[in-house]
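Visitor: Submitted below is the structure of interest, expressed as structure tokens.
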Amino acid sequence: MPDEIQDPAAPVIPTEAPATSVVPAKRANPLPLYLGGGFIFFLVALALLVAIPAEAQKTNLRQKLGDGVAAALVSEMLQPSSPRLNRLAERVAKDGKYDKVTLTAPDGQVLGSTDRTLNGTKLEEAGRAEAKTTIRFRGPVTVLTRGVYLAEGNKIGAVVLEFREK
């Protein structure tokens with residue numbers, strides 16, 4: 001049969017195997033990758049295990065703090081007088097290193113505060129304050145609100161403590 005002329009656009013199919021042997025690439029050992037990932041997982045889990053109880057303990061301490069301050073104010077709140085309660089709020093703020101202390105009547109009307117502009121105004125959160133300290137966060141500021149009660153459960157006022165975490 002005569003030599004055939006091959007079309008230049010047709011693919012060339014080799015008829016022989018290449019002269020050099022092809023060595024497959026060495027596969028990387030995945031063990032270091034697994035160990036590294038496991039170590040990172042361990043560190044994250046450890047951080048969570050430490051952080052969660054620490055935050056719960058911090059919350060518990062904040063609640064006890066609010067309860068203690070409210071208990072100490074019972075006798076002082078029975079004789080309301082704005083100048084006297086303003087001085088009391090300033091003393092509590094200074095001794096407790098709070099940024100702001102506000103003392104209110106049972107309905108939330110401010111009787112004394114380290115912030116004089118609040119005197120005579122009404123704080124709804126203090127009017128709803130209960131016998132358990134509530135904790136709110138406004139950005140970097142922590143706000144503790146606690147009702148001040150007599151032993152019989154009669155609400156005589158509320159205290160609002162504001163401070164920045166250090």
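By convention here, the chains of the structure tokens are called A, B, ... in the order presented, each chain's residues are numbered starting at 1, and ligands are numbered starting at 1 in the order presented.
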Give me the residues within 6 Å of stretch 159-164 of chain A as a ChimeraX atom specification, counting only C-alpha atoms and dropping any in the same chain fewer than 2 places off.

Guide: /A:98-103,140-146

Visitor: Please identify the strand (DSSP E or B) residues within stretch 51-154 of chain A (assignment by DSSP from backbone atoms) and present them as a PyMOL selection string.

Guide: chain A and resi 100-104+109-113+122+134-138+141-149

Visitor: In terms of the shortest atom-to-atom distance over only C-alpha atoms, which of A:Glu76, A:Asp107, A:Asp67, A:Glu90 is closest to A:Leu123?

Guide: A:Asp107

Visitor: Work out how far atom CA of A:Gln63 is from atom CA of A:Met77, in Å to one decimal.

Guide: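 Between atom CA of A:Met77 and atom CA of A:Gln63 the gap is 20.1 Å.
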
Visitor: Please provide as a ChimeraX atom specification all residues within 10 Å of stretch 149-153 of chain A, with the sequence filter that same-chain residues fewer than 6 positions apart are discarded (counting only C-alpha atoms).

Guide: /A:70-71,73-75,77-78,106,130-131

Visitor: May I ask for the distance between atom CA of A:Gly108 and atom CA of A:Ile156, given in Å to one decimal place?

Guide: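 Distance between the two atoms: 10.3 Å.
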
Visitor: Pull the helix (DSSP H, G or I) assignments for stretch 58-149 of chain A out of DSSP run on the backbone, and list those residues as a count of residues only.

Guide: 41

Visitor: How many Å lie between atom CA of A:Lys132 and atom CA of A:Val110, rounded to one decimal?

Guide: 19.6 Å

Visitor: Compare A:Leu111, A:Gly96, A:Ile40, A:Ala28 by their minimum atom-to-atom distance to A:Gly66, counting only C-alpha atoms, and give me the closest one.

Guide: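 Of the candidates, the smallest distance to A:Gly66 is held by A:Gly96.
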
Visitor: Quick one: of A:Asn86, A:Glu165, A:Ser81, A:Thr104, who's nearest to A:Phe137, counting only C-alpha atoms?

Guide: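 Comparing A:Asn86, A:Glu165, A:Ser81, A:Thr104 against A:Phe137, the winner is A:Glu165.
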